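Undergrad: What follows is the file protein_21.pdb, containing PDB, C-alpha atoms and all ligand atoms:
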```
ATOM      1  CA  MET A 156       0.000   0.000   0.000  1.00  0.00           C
ATOM      2  CA  GLU A 157       2.582   2.522   1.077  1.00  0.00           C
ATOM      3  CA  PRO A 158       5.031   2.378  -1.908  1.00  0.00           C
ATOM      4  CA  SER A 159       2.193   2.915  -4.429  1.00  0.00           C
ATOM      5  CA  LEU A 160       1.444   6.180  -2.674  1.00  0.00           C
ATOM      6  CA  TYR A 161       4.604   7.633  -4.171  1.00  0.00           C
ATOM      7  CA  THR A 162       4.228   6.249  -7.682  1.00  0.00           C
ATOM      8  CA  ILE A 163       2.890   9.019  -9.882  1.00  0.00           C
ATOM      9  CA  PRO A 164       2.633   8.551 -13.677  1.00  0.00           C
ATOM     10  CA  VAL A 165       4.931  10.972 -15.526  1.00  0.00           C
ATOM     11  CA  GLN A 166       2.090  12.017 -17.825  1.00  0.00           C
ATOM     12  CA  GLU A 167       0.048  13.228 -14.847  1.00  0.00           C
ATOM     13  CA  ILE A 168       2.900  15.506 -13.788  1.00  0.00           C
ATOM     14  CA  PHE A 169       3.495  17.057 -17.203  1.00  0.00           C
ATOM     15  CA  GLU A 170      -0.064  17.420 -18.493  1.00  0.00           C
ATOM     16  CA  PRO A 171      -1.166  20.531 -16.546  1.00  0.00           C
ATOM     17  CA  MET A 172       1.626  22.584 -18.244  1.00  0.00           C
ATOM     18  CA  GLU A 173       1.742  25.198 -15.511  1.00  0.00           C
ATOM     19  CA  GLY A 174       4.965  26.229 -13.820  1.00  0.00           C
ATOM     20  CA  CYS A 175       7.820  23.765 -13.307  1.00  0.00           C
ATOM     21  CA  PRO A 176       6.649  20.131 -13.653  1.00  0.00           C
ATOM     22  CA  PHE A 177       9.154  18.946 -11.056  1.00  0.00           C
ATOM     23  CA  CYS A 178       8.034  21.571  -8.536  1.00  0.00           C
ATOM     24  CA  ARG A 179       4.533  20.154  -9.062  1.00  0.00           C
ATOM     25  CA  LEU A 180       5.836  16.613  -8.565  1.00  0.00           C
ATOM     26  CA  HIS A 181       7.602  17.685  -5.372  1.00  0.00           C
ATOM     27  CA  SER A 182       4.501  19.211  -3.864  1.00  0.00           C
ATOM     28  CA  MET A 183       2.350  16.215  -4.934  1.00  0.00           C
ATOM     29  CA  LEU A 184       4.758  13.844  -3.176  1.00  0.00           C
ATOM     30  CA  GLU A 185       4.951  16.135  -0.170  1.00  0.00           C
ATOM     31  CA  ASP A 186       1.135  16.309   0.151  1.00  0.00           C
ATOM     32  CA  ARG A 187       0.761  12.564  -0.202  1.00  0.00           C
ATOM     33  CA  CYS A 188       3.460  11.837   2.360  1.00  0.00           C
ATOM     34  CA  VAL A 189       2.193  14.354   4.929  1.00  0.00           C
ATOM     35  CA  ASP A 190      -1.439  13.231   4.524  1.00  0.00           C
ATOM     36  CA  TYR A 191      -0.324   9.634   4.931  1.00  0.00           C
ATOM     37  CA  ILE A 192       1.694  10.336   8.078  1.00  0.00           C
ATOM     38  CA  LEU A 193      -1.202  12.187   9.692  1.00  0.00           C
ATOM     39  CA  GLY A 194      -3.693   9.586   8.433  1.00  0.00           C
ATOM     40  CA  ALA A 195      -3.336   5.894   7.644  1.00  0.00           C
ATOM     41  CA  ALA A 196       0.264   5.671   8.905  1.00  0.00           C
ATOM     42  CA  MET A 197      -0.980   6.317  12.442  1.00  0.00           C
ATOM     43  CA  MET A 198      -1.999   2.639  12.425  1.00  0.00           C
ATOM     44  CA  GLU A 199       1.375   1.433  11.137  1.00  0.00           C
ATOM     45  CA  PRO A 200       3.880   0.853  13.961  1.00  0.00           C
ATOM     46  CA  SER A 201       6.731   0.354  11.468  1.00  0.00           C
ATOM     47  CA  ILE A 202       6.184   3.835   9.983  1.00  0.00           C
ATOM     48  CA  ARG A 203       5.983   5.283  13.495  1.00  0.00           C
ATOM     49  CA  GLN A 204       9.346   3.706  14.305  1.00  0.00           C
ATOM     50  CA  GLU A 205      10.848   5.271  11.194  1.00  0.00           C
ATOM     51  CA  THR A 206       9.417   8.737  11.880  1.00  0.00           C
ATOM     52  CA  ASN A 207      10.663   8.467  15.490  1.00  0.00           C
ATOM     53  CA  ARG A 208      14.133   7.572  14.301  1.00  0.00           C
ATOM     54  CA  MET A 209      14.424  10.095  11.461  1.00  0.00           C
ATOM     55  CA  GLY A 210      12.403  13.018  12.750  1.00  0.00           C
ATOM     56  CA  PHE A 211      11.345  15.902  10.481  1.00  0.00           C
ATOM     57  CA  CYS A 212      12.913  19.031   9.007  1.00  0.00           C
ATOM     58  CA  ASN A 213      11.587  22.474   9.829  1.00  0.00           C
ATOM     59  CA  ASP A 214       9.693  22.801   6.505  1.00  0.00           C
ATOM     60  CA  HIS A 215       7.847  19.526   6.939  1.00  0.00           C
ATOM     61  CA  LEU A 216       7.025  20.004  10.591  1.00  0.00           C
ATOM     62  CA  SER A 217       5.551  23.399   9.681  1.00  0.00           C
ATOM     63  CA  LEU A 218       3.606  21.880   6.785  1.00  0.00           C
ATOM     64  CA  MET A 219       2.116  19.202   9.057  1.00  0.00           C
ATOM     65  CA  LEU A 220       1.254  21.787  11.659  1.00  0.00           C
ATOM     66  CA  GLN A 221      -0.566  23.857   9.005  1.00  0.00           C
ATOM     67  CA  ARG A 222      -2.773  20.859   8.150  1.00  0.00           C
ATOM     68  CA  ASN A 223      -4.591  21.608  11.414  1.00  0.00           C
ATOM     69  CA  ASN A 224      -4.977  17.921  12.057  1.00  0.00           C
ATOM     70  CA  LYS A 225      -4.323  18.444  15.722  1.00  0.00           C
ATOM     71  CA  LEU A 226      -4.808  15.058  17.361  1.00  0.00           C
ATOM     72  CA  PRO A 227      -2.771  12.999  14.847  1.00  0.00           C
ATOM     73  CA  PHE A 228      -0.032  15.649  14.990  1.00  0.00           C
ATOM     74  CA  ALA A 229       0.024  15.514  18.804  1.00  0.00           C
ATOM     75  CA  LEU A 230       0.144  11.688  18.766  1.00  0.00           C
ATOM     76  CA  LEU A 231       3.040  11.856  16.330  1.00  0.00           C
ATOM     77  CA  MET A 232       4.843  14.356  18.549  1.00  0.00           C
ATOM     78  CA  GLN A 233       4.144  12.307  21.674  1.00  0.00           C
ATOM     79  CA  SER A 234       5.694   9.224  20.117  1.00  0.00           C
ATOM     80  CA  HIS A 235       8.678  11.152  18.716  1.00  0.00           C
ATOM     81  CA  LEU A 236       9.392  13.053  21.942  1.00  0.00           C
ATOM     82  CA  GLU A 237       9.137   9.901  24.059  1.00  0.00           C
ATOM     83  CA  HIS A 238      11.578   8.242  21.683  1.00  0.00           C
ATOM     84  CA  LEU A 239      13.956  11.169  22.140  1.00  0.00           C
ATOM     85  CA  GLN A 240      13.609  10.929  25.933  1.00  0.00           C
ATOM     86  CA  LYS A 241      14.744   7.307  25.812  1.00  0.00           C
ATOM     87  CA  GLU A 242      17.404   7.845  23.214  1.00  0.00           C
ATOM     88  CA  LEU A 243      19.030  11.046  24.331  1.00  0.00           C
ATOM     89  CA  LEU A 244      18.504  11.618  28.020  1.00  0.00           C
ATOM     90  CA  SER A 245      19.748   8.410  29.572  1.00  0.00           C
ATOM     91  CA  GLY A 246      23.133   6.711  29.936  1.00  0.00           C
ATOM     92  CA  SER A 247      26.610   7.744  30.912  1.00  0.00           C
ATOM     93  CA  ILE A 248      29.081   9.776  28.903  1.00  0.00           C
ATOM     94  CA  PHE A 249      30.498   6.577  27.333  1.00  0.00           C
ATOM     95  CA  SER A 250      27.194   4.994  26.328  1.00  0.00           C
ATOM     96  CA  SER A 251      25.703   5.149  22.885  1.00  0.00           C
ATOM     97  CA  PRO A 252      22.659   7.344  23.771  1.00  0.00           C
ATOM     98  CA  VAL A 253      25.045  10.119  24.760  1.00  0.00           C
ATOM     99  CA  LYS A 254      27.128   9.654  21.631  1.00  0.00           C
ATOM    100  CA  LYS A 255      23.935   9.760  19.567  1.00  0.00           C
ATOM    101  CA  ALA A 256      22.861  12.970  21.283  1.00  0.00           C
ATOM    102  CA  ALA A 257      26.093  14.596  20.188  1.00  0.00           C
ATOM    103  CA  LYS A 258      25.114  14.042  16.547  1.00  0.00           C
ATOM    104  CA  SER A 259      22.511  16.261  15.030  1.00  0.00           C
ATOM    105  CA  ALA A 260      19.258  14.274  14.945  1.00  0.00           C
ATOM    106  CA  GLU A 261      17.611  17.124  13.057  1.00  0.00           C
ATOM    107  CA  GLN A 262      19.634  16.494   9.912  1.00  0.00           C
ATOM    108  CA  THR A 263      17.288  13.749   8.796  1.00  0.00           C
ATOM    109  CA  CYS A 264      13.632  14.019   7.839  1.00  0.00           C
ATOM    110  CA  TYR A 265      11.252  11.144   7.118  1.00  0.00           C
ATOM    111  CA  VAL A 266       9.302  13.216   4.548  1.00  0.00           C
ATOM    112  CA  CYS A 267      12.409  14.508   2.715  1.00  0.00           C
ATOM    113  CA  ASN A 268      13.785  10.995   2.605  1.00  0.00           C
ATOM    114  CA  ARG A 269      10.591   9.502   1.137  1.00  0.00           C
ATOM    115  CA  ILE A 270      10.262  12.330  -1.378  1.00  0.00           C
ATOM    116  CA  ASP A 271      13.906  12.071  -2.505  1.00  0.00           C
ATOM    117  CA  LYS A 272      13.616   8.360  -3.223  1.00  0.00           C
ATOM    118  CA  ALA A 273      10.367   8.692  -5.172  1.00  0.00           C
ATOM    119  CA  PHE A 274      11.539  11.846  -6.945  1.00  0.00           C
ATOM    120  CA  ASP A 275      14.707  10.185  -8.189  1.00  0.00           C
ATOM    121  CA  GLN A 276      12.752   7.249  -9.598  1.00  0.00           C
ATOM    122  CA  ILE A 277      10.167   9.451 -11.327  1.00  0.00           C
ATOM    123  CA  MET A 278      12.879  11.661 -12.840  1.00  0.00           C
ATOM    124  CA  SER A 279      14.497   8.522 -14.291  1.00  0.00           C
ATOM    125  CA  ASN A 280      11.095   7.434 -15.643  1.00  0.00           C
ATOM    126  CA  THR A 281      10.750  10.873 -17.253  1.00  0.00           C
ATOM    127  CA  LEU A 282      13.957  10.398 -19.214  1.00  0.00           C
ATOM    128  CA  VAL A 283      12.891   6.923 -20.310  1.00  0.00           C
ATOM    129  CA  MET A 284       9.593   8.396 -21.569  1.00  0.00           C
ATOM    130  CA  PHE A 285      11.522  11.186 -23.307  1.00  0.00           C
ATOM    131  CA  GLU A 286      13.633   8.640 -25.142  1.00  0.00           C
ATOM    132  CA  ARG A 287      10.754   6.377 -26.188  1.00  0.00           C
ATOM    133  CA  ASP A 288       7.805   8.648 -26.874  1.00  0.00           C
ATOM    134  CA  ALA A 289       7.747  11.490 -29.406  1.00  0.00           C
ATOM    135  CA  ASP A 290       4.424  12.817 -28.011  1.00  0.00           C
ATOM    136  CA  PHE A 291       6.028  13.088 -24.590  1.00  0.00           C
ATOM    137  CA  ARG A 292       9.000  14.983 -26.062  1.00  0.00           C
ATOM    138  CA  ALA A 293       6.520  17.494 -27.478  1.00  0.00           C
ATOM    139  CA  LEU A 294       4.748  17.733 -24.114  1.00  0.00           C
ATOM    140  CA  PHE A 295       8.083  18.280 -22.366  1.00  0.00           C
ATOM    141  CA  ALA A 296       8.949  21.147 -24.718  1.00  0.00           C
ATOM    142  CA  LYS A 297       5.580  22.798 -24.073  1.00  0.00           C
ATOM    143  CA  GLN A 298       6.154  23.124 -20.301  1.00  0.00           C
ATOM    144  CA  GLU A 299       5.936  26.642 -18.997  1.00  0.00           C
ATOM    145  CA  HIS A 300       9.052  26.641 -16.778  1.00  0.00           C
ATOM    146  CA  LEU A 301      11.935  24.692 -15.349  1.00  0.00           C
ATOM    147  CA  CYS A 302      13.381  26.037 -12.112  1.00  0.00           C
ATOM    148  CA  LEU A 303      17.103  26.019 -11.373  1.00  0.00           C
ATOM    149  CA  PRO A 304      17.283  23.259  -8.694  1.00  0.00           C
ATOM    150  CA  HIS A 305      15.240  20.934 -10.886  1.00  0.00           C
ATOM    151  CA  TYR A 306      17.243  21.888 -13.982  1.00  0.00           C
ATOM    152  CA  ARG A 307      20.422  20.938 -12.103  1.00  0.00           C
ATOM    153  CA  MET A 308      18.920  17.671 -10.850  1.00  0.00           C
ATOM    154  CA  LEU A 309      17.737  16.784 -14.335  1.00  0.00           C
ATOM    155  CA  MET A 310      21.166  17.583 -15.827  1.00  0.00           C
ATOM    156  CA  ALA A 311      22.872  15.401 -13.176  1.00  0.00           C
ATOM    157  CA  LYS A 312      20.546  12.554 -14.112  1.00  0.00           C
ATOM    158  CA  ILE A 313      21.117  13.105 -17.864  1.00  0.00           C
ATOM    159  CA  ALA A 314      24.883  12.980 -17.242  1.00  0.00           C
ATOM    160  CA  THR A 315      24.513   9.313 -16.223  1.00  0.00           C
ATOM    161  CA  ARG A 316      22.704   8.408 -19.470  1.00  0.00           C
ATOM    162  CA  PRO A 317      24.248   7.018 -22.670  1.00  0.00           C
ATOM    163  CA  LYS A 318      25.700   9.864 -24.787  1.00  0.00           C
ATOM    164  CA  LYS A 319      23.417   9.170 -27.737  1.00  0.00           C
ATOM    165  CA  GLU A 320      20.233   9.839 -25.742  1.00  0.00           C
ATOM    166  CA  ALA A 321      21.725  12.537 -23.563  1.00  0.00           C
ATOM    167  CA  ALA A 322      22.311  15.046 -26.392  1.00  0.00           C
ATOM    168  CA  ALA A 323      18.591  15.569 -27.130  1.00  0.00           C
ATOM    169  CA  GLU A 324      17.720  15.585 -23.420  1.00  0.00           C
ATOM    170  CA  ILE A 325      20.302  18.271 -22.620  1.00  0.00           C
ATOM    171  CA  LYS A 326      18.984  20.411 -25.465  1.00  0.00           C
ATOM    172  CA  ALA A 327      15.371  20.070 -24.271  1.00  0.00           C
ATOM    173  CA  ALA A 328      16.239  20.797 -20.625  1.00  0.00           C
ATOM    174  CA  GLN A 329      18.331  23.834 -21.590  1.00  0.00           C
ATOM    175  CA  ALA A 330      15.572  25.170 -23.837  1.00  0.00           C
ATOM    176  CA  LEU A 331      13.063  24.926 -20.989  1.00  0.00           C
ATOM    177  CA  CYS A 332      15.374  26.562 -18.464  1.00  0.00           C
ATOM    178  CA  LYS A 333      16.101  29.354 -20.959  1.00  0.00           C
ATOM    179  CA  LYS A 334      12.368  29.877 -21.396  1.00  0.00           C
ATOM    180  CA  THR A 335      12.259  30.742 -17.686  1.00  0.00           C
ATOM    181  CA  LEU A 336      15.566  32.509 -17.202  1.00  0.00           C
ATOM    182  CA  ASP A 337      15.553  34.904 -20.190  1.00  0.00           C
ATOM    183  CA  PRO A 338      12.235  36.681 -19.430  1.00  0.00           C
ATOM    184  CA  LEU A 339      13.067  36.637 -15.731  1.00  0.00           C
ATOM    185  CA  CYS A 340      16.344  38.493 -16.358  1.00  0.00           C
ATOM    186  CA  GLU A 341      14.471  40.993 -18.490  1.00  0.00           C
ATOM    187  CA  ASP A 342      11.766  41.510 -15.853  1.00  0.00           C
ATOM    188  CA  VAL A 343      14.209  41.942 -12.953  1.00  0.00           C
ATOM    189  CA  THR A 344      16.157  44.475 -15.022  1.00  0.00           C
ATOM    190  CA  HIS A 345      12.955  46.344 -15.875  1.00  0.00           C
ATOM    191  CA  PHE A 346      11.969  46.299 -12.179  1.00  0.00           C
ATOM    192  CA  THR A 347      15.240  47.985 -11.174  1.00  0.00           C
ATOM    193  CA  LYS A 348      14.775  50.617 -13.890  1.00  0.00           C
ATOM    194  CA  MET A 349      11.363  51.541 -12.482  1.00  0.00           C
ATOM    195  CA  PHE A 350      13.123  52.944  -9.413  1.00  0.00           C
ATOM    196  CA  ASP A 351      14.780  55.600 -11.595  1.00  0.00           C
ATOM    197  CA  TYR A 352      12.910  58.901 -11.132  1.00  0.00           C
ATOM    198  CA  ARG A 353      12.811  59.330 -14.907  1.00  0.00           C
ATOM    199  CA  ASN A 354      10.534  56.290 -15.146  1.00  0.00           C
ATOM    200  CA  ARG A 355       8.065  57.483 -12.533  1.00  0.00           C
ATOM    201  CA  GLY A 356       4.511  56.633 -13.647  1.00  0.00           C
ATOM    202  CA  GLY A 357       5.866  54.291 -16.358  1.00  0.00           C
ATOM    203  CA  ASP A 358       4.668  50.826 -17.266  1.00  0.00           C
ATOM    204  CA  TRP A 359       5.893  48.049 -14.921  1.00  0.00           C
ATOM    205  CA  LYS A 360       5.128  45.458 -17.641  1.00  0.00           C
ATOM    206  CA  ASN A 361       5.584  41.958 -16.191  1.00  0.00           C
ATOM    207  CA  SER A 362       8.067  43.078 -13.569  1.00  0.00           C
ATOM    208  CA  ARG A 363       5.936  43.637 -10.450  1.00  0.00           C
ATOM    209  CA  ASP A 364       6.535  40.141  -9.048  1.00  0.00           C
ATOM    210  CA  ALA A 365      10.020  39.732 -10.561  1.00  0.00           C
ATOM    211  CA  ASN A 366      11.730  39.402  -7.141  1.00  0.00           C
ATOM    212  CA  GLU A 367       9.303  36.694  -6.034  1.00  0.00           C
ATOM    213  CA  ARG A 368       9.678  34.803  -9.315  1.00  0.00           C
ATOM    214  CA  ALA A 369      13.479  35.057  -9.126  1.00  0.00           C
ATOM    215  CA  THR A 370      13.316  33.596  -5.603  1.00  0.00           C
ATOM    216  CA  TRP A 371      11.144  30.726  -6.780  1.00  0.00           C
ATOM    217  CA  PHE A 372      13.432  30.077  -9.780  1.00  0.00           C
ATOM    218  CA  LEU A 373      16.532  29.920  -7.579  1.00  0.00           C
ATOM    219  CA  THR A 374      15.075  27.843  -4.748  1.00  0.00           C
ATOM    220  CA  ALA A 375      12.180  25.814  -6.235  1.00  0.00           C
ATOM    221  CA  LYS A 376      10.135  27.146  -3.340  1.00  0.00           C
ATOM    222  CA  PRO A 377       7.513  29.830  -3.635  1.00  0.00           C
ATOM    223  CA  PRO A 378       8.227  32.719  -1.247  1.00  0.00           C
ATOM    224  CA  ARG A 379       6.355  32.437   2.052  1.00  0.00           C
ATOM    225  CA  GLY A 380       3.372  34.747   2.136  1.00  0.00           C
TER
HETATM  226 ZN    ZN B 401      11.078  23.086 -10.090  1.00  0.00          ZN
HETATM  227 ZN    ZN B 402      11.740  17.393   5.305  1.00  0.00          ZN
END
```
Could you express the structure from this file as structure tokens?
Ligand SMILES: [Zn+2]
Ligand SMILES: [Zn+2]

TA:
Amino acid sequence: MEPSLYTIPVQEIFEPMEGCPFCRLHSMLEDRCVDYILGAAMMEPSIRQETNRMGFCNDHLSLMLQRNNKLPFALLMQSHLEHLQKELLSGSIFSSPVKKAAKSAEQTCYVCNRIDKAFDQIMSNTLVMFERDADFRALFAKQEHLCLPHYRMLMAKIATRPKKEAAAEIKAAQALCKKTLDPLCEDVTHFTKMFDYRNRGGDWKNSRDANERATWFLTAKPPRG
């Protein structure tokens, strides 16, 4: 049951053609994982053990808190905090709980870990589709954006592919990234010019949210409202 939760058909990710397809994939995986943890996984002791052991990053704790699913969140916290009590606050200086406490337990996150694994697999599936299916190549080219972190991840994945296939994939990924970066550069430049007194009352064109879009492009995360 649980692994199928993170299997999303590539077509489903690319069909909406809005924004960066991999940003969409990331938030789909994130939603599924968080809903699962605060839902069905409450009945799965093995998942509870894993979340106790790995903990959560700041982003994912905040996301779960925002769900306003108060009782499941509190039960999750209760289990995690009790685990930490046992693991970190007992034993002598030479025992393993103390050694463990010296390491940063907050460097791992159950949600990030699940997303990374699924993401990697789906990105590989994307390249297989790209190689085999001309319709998918056309759909890929029609995407609105490709953000920088996902461009870099895609390029790293393409670098492991046979040279023959990689050439077309690099070209397509670069074209999509350029489609985002070129107008963004133009808009940020226009935005700065609007602060010149000679342009007072002028047309902002598409530049009003240029800073926010630049932030999203660089981080793959929309700015917090
Ligand atoms: Zn992205
Ligand atoms: Zn995380």

Undergrad: So what does the PyMOL selection byres (((not hetatm)) within 6 of (chain B and resi 402)) actually pick up in this one, as a count of residues only?

TA: 7

Undergrad: I need the residue nearest Cys175 of chain A from this list: A:Arg353, A:Lys326, A:His300, A:Arg316. Use all atoms listed in the file for the distance.

TA: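 The closest residue to Cys175 of chain A is A:His300.
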
Undergrad: Could you pull the residues within 12 Å of Gly357 of chain A, counting only C-alpha atoms, minus those fewer than 6 positions along the same chain, as a list in words?

TA: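 The residues satisfying every condition are His345, Phe346, Lys348, Met349, Phe350 and Asp351 of chain A.
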
Undergrad: Assuming the chain letters and numbering stay as they are in my file, what does the PyMOL selection byres (((not hetatm)) within 8 of (chain B and resi 401)) actually select? List them as a PyMOL selection string.

TA: chain A and resi 174-179+181+300-306+372+375-376

Undergrad: Given the file above and the PyMOL selection byres (((chain A and resi 193) around 9) and not hetatm), which residues are selected, and can you give them as a list in words?

TA: Cys188, Val189, Asp190, Tyr191, Ile192, Gly194, Ala195, Ala196, Met197, Met219, Arg222, Asn224, Leu226, Pro227, Phe228 and Leu231 of chain A

Undergrad: Would you work out the distance separating atom CA of Phe295 of chain A from atom CA of Thr162 of chain A, expressed in Å to one decimal?

TA: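 Result for atom CA of Phe295 of chain A versus atom CA of Thr162 of chain A: 19.4 Å, one decimal.
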
Undergrad: Figure out the distance between atom CA of Phe291 of chain A and atom CA of Ile163 of chain A, please, to one decimal in Å.

TA: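 A separation of 15.6 Å between them.
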
Undergrad: So how many Å separate atom CA of Asn280 of chain A and atom CA of Leu336 of chain A, to one decimal?

TA: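 Between atom CA of Asn280 of chain A and atom CA of Leu336 of chain A the gap works out to 25.5 Å.
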
Undergrad: Given all atoms listed in the file as the basis, pick out the residue of A:Arg187, A:Asn223, A:Ala365, A:Ser245 nearest to Ala273 of chain A.

TA: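 For Ala273 of chain A, the nearest of the given residues is A:Arg187.
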
Undergrad: Rank nothing, just name the residue among A:Glu242, A:Glu173, A:Glu237, A:Asp271 nearest to Tyr161 of chain A, using all atoms listed in the file.

TA: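 Closest to Tyr161 of chain A, using all atoms listed in the file: A:Asp271.
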
Undergrad: Between A:Asp275, A:Glu324, A:Glu199, A:Asp358, which one has atoms that come closest to Met310 of chain A, using only C-alpha atoms?

TA: A:Glu324

Undergrad: Of the candidates A:Asn361, A:Ser234, A:Asn354, A:Ser201, which one gets nearest to Asp342 of chain A if we count all atoms listed in the file?

TA: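 Under the stated criterion, the closest residue is A:Asn361.
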
Undergrad: For a cut-off of 7 Å around (5.3, 5.5, 16.9), file coordinates, pick out all residues using all atoms listed in the file and list them as an mmCIF file with C-alpha atoms, keeping the file's coordinate frame.

TA:
```
data_model
loop_
_atom_site.group_PDB
_atom_site.id
_atom_site.type_symbol
_atom_site.label_atom_id
_atom_site.label_comp_id
_atom_site.auth_asym_id
_atom_site.auth_seq_id
_atom_site.Cartn_x
_atom_site.Cartn_y
_atom_site.Cartn_z
ATOM 1 C CA PRO A 200 3.880 0.853 13.961
ATOM 2 C CA ARG A 203 5.983 5.283 13.495
ATOM 3 C CA GLN A 204 9.346 3.706 14.305
ATOM 4 C CA ASN A 207 10.663 8.467 15.490
ATOM 5 C CA LEU A 231 3.040 11.856 16.330
ATOM 6 C CA SER A 234 5.694 9.224 20.117
ATOM 7 C CA HIS A 235 8.678 11.152 18.716
#
```

Undergrad: Give the answer as one residue: which of A:Arg363, A:Arg307, A:Arg292, A:Lys297 has the shortest atom-to-atom distance to Ala323 of chain A, using all atoms listed in the file?

TA: A:Arg292

Undergrad: With the input short on atoms, add all heavy atoms back to segment 344-350 of chain A and write it as a PDB file, in the frame of the given file.

TA:
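Listing of result-v5.pdb after writing:
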```pdb
ATOM      1  N   THR A 344      15.479  43.264 -14.539  1.00  0.00           N
ATOM      2  CA  THR A 344      16.157  44.475 -15.022  1.00  0.00           C
ATOM      3  C   THR A 344      15.154  45.622 -15.140  1.00  0.00           C
ATOM      4  O   THR A 344      15.412  46.755 -14.698  1.00  0.00           O
ATOM      5  CB  THR A 344      16.820  44.203 -16.400  1.00  0.00           C
ATOM      6  OG1 THR A 344      17.667  43.080 -16.245  1.00  0.00           O
ATOM      7  CG2 THR A 344      17.615  45.392 -16.894  1.00  0.00           C
ATOM      8  N   HIS A 345      13.983  45.318 -15.720  1.00  0.00           N
ATOM      9  CA  HIS A 345      12.955  46.344 -15.875  1.00  0.00           C
ATOM     10  C   HIS A 345      12.509  46.859 -14.495  1.00  0.00           C
ATOM     11  O   HIS A 345      12.324  48.063 -14.306  1.00  0.00           O
ATOM     12  CB  HIS A 345      11.760  45.792 -16.655  1.00  0.00           C
ATOM     13  CG  HIS A 345      10.735  46.824 -16.994  1.00  0.00           C
ATOM     14  ND1 HIS A 345      10.943  47.784 -17.953  1.00  0.00           N
ATOM     15  CD2 HIS A 345       9.505  47.087 -16.460  1.00  0.00           C
ATOM     16  CE1 HIS A 345       9.887  48.575 -18.009  1.00  0.00           C
ATOM     17  NE2 HIS A 345       9.005  48.176 -17.100  1.00  0.00           N
ATOM     18  N   PHE A 346      12.380  45.931 -13.541  1.00  0.00           N
ATOM     19  CA  PHE A 346      11.969  46.299 -12.179  1.00  0.00           C
ATOM     20  C   PHE A 346      12.947  47.316 -11.591  1.00  0.00           C
ATOM     21  O   PHE A 346      12.544  48.330 -11.024  1.00  0.00           O
ATOM     22  CB  PHE A 346      11.924  45.026 -11.313  1.00  0.00           C
ATOM     23  CG  PHE A 346      11.364  45.236  -9.936  1.00  0.00           C
ATOM     24  CD1 PHE A 346      10.003  45.123  -9.698  1.00  0.00           C
ATOM     25  CD2 PHE A 346      12.192  45.528  -8.861  1.00  0.00           C
ATOM     26  CE1 PHE A 346       9.464  45.298  -8.423  1.00  0.00           C
ATOM     27  CE2 PHE A 346      11.673  45.705  -7.578  1.00  0.00           C
ATOM     28  CZ  PHE A 346      10.305  45.591  -7.362  1.00  0.00           C
ATOM     29  N   THR A 347      14.241  47.051 -11.747  1.00  0.00           N
ATOM     30  CA  THR A 347      15.240  47.985 -11.174  1.00  0.00           C
ATOM     31  C   THR A 347      15.139  49.367 -11.847  1.00  0.00           C
ATOM     32  O   THR A 347      15.281  50.386 -11.180  1.00  0.00           O
ATOM     33  CB  THR A 347      16.682  47.459 -11.343  1.00  0.00           C
ATOM     34  OG1 THR A 347      16.964  47.344 -12.736  1.00  0.00           O
ATOM     35  CG2 THR A 347      16.888  46.112 -10.664  1.00  0.00           C
ATOM     36  N   LYS A 348      14.863  49.340 -13.152  1.00  0.00           N
ATOM     37  CA  LYS A 348      14.775  50.617 -13.890  1.00  0.00           C
ATOM     38  C   LYS A 348      13.596  51.468 -13.414  1.00  0.00           C
ATOM     39  O   LYS A 348      13.617  52.694 -13.518  1.00  0.00           O
ATOM     40  CB  LYS A 348      14.656  50.363 -15.393  1.00  0.00           C
ATOM     41  CG  LYS A 348      15.972  49.952 -16.011  1.00  0.00           C
ATOM     42  CD  LYS A 348      15.844  49.784 -17.510  1.00  0.00           C
ATOM     43  CE  LYS A 348      17.173  49.297 -18.083  1.00  0.00           C
ATOM     44  NZ  LYS A 348      16.973  48.594 -19.341  1.00  0.00           N
ATOM     45  N   MET A 349      12.556  50.806 -12.922  1.00  0.00           N
ATOM     46  CA  MET A 349      11.363  51.541 -12.482  1.00  0.00           C
ATOM     47  C   MET A 349      11.634  52.377 -11.218  1.00  0.00           C
ATOM     48  O   MET A 349      10.817  53.191 -10.830  1.00  0.00           O
ATOM     49  CB  MET A 349      10.189  50.579 -12.238  1.00  0.00           C
ATOM     50  CG  MET A 349       9.623  49.959 -13.505  1.00  0.00           C
ATOM     51  SD  MET A 349       9.113  51.176 -14.722  1.00  0.00           S
ATOM     52  CE  MET A 349       7.611  51.800 -13.944  1.00  0.00           C
ATOM     53  N   PHE A 350      12.774  52.142 -10.592  1.00  0.00           N
ATOM     54  CA  PHE A 350      13.123  52.944  -9.413  1.00  0.00           C
ATOM     55  C   PHE A 350      13.879  54.218  -9.808  1.00  0.00           C
ATOM     56  O   PHE A 350      14.213  55.033  -8.961  1.00  0.00           O
ATOM     57  CB  PHE A 350      13.935  52.092  -8.411  1.00  0.00           C
ATOM     58  CG  PHE A 350      13.059  51.084  -7.722  1.00  0.00           C
ATOM     59  CD1 PHE A 350      12.734  49.871  -8.332  1.00  0.00           C
ATOM     60  CD2 PHE A 350      12.501  51.363  -6.475  1.00  0.00           C
ATOM     61  CE1 PHE A 350      11.892  48.960  -7.719  1.00  0.00           C
ATOM     62  CE2 PHE A 350      11.657  50.453  -5.850  1.00  0.00           C
ATOM     63  CZ  PHE A 350      11.353  49.250  -6.474  1.00  0.00           C
TER      64      PHE A 350
END
```
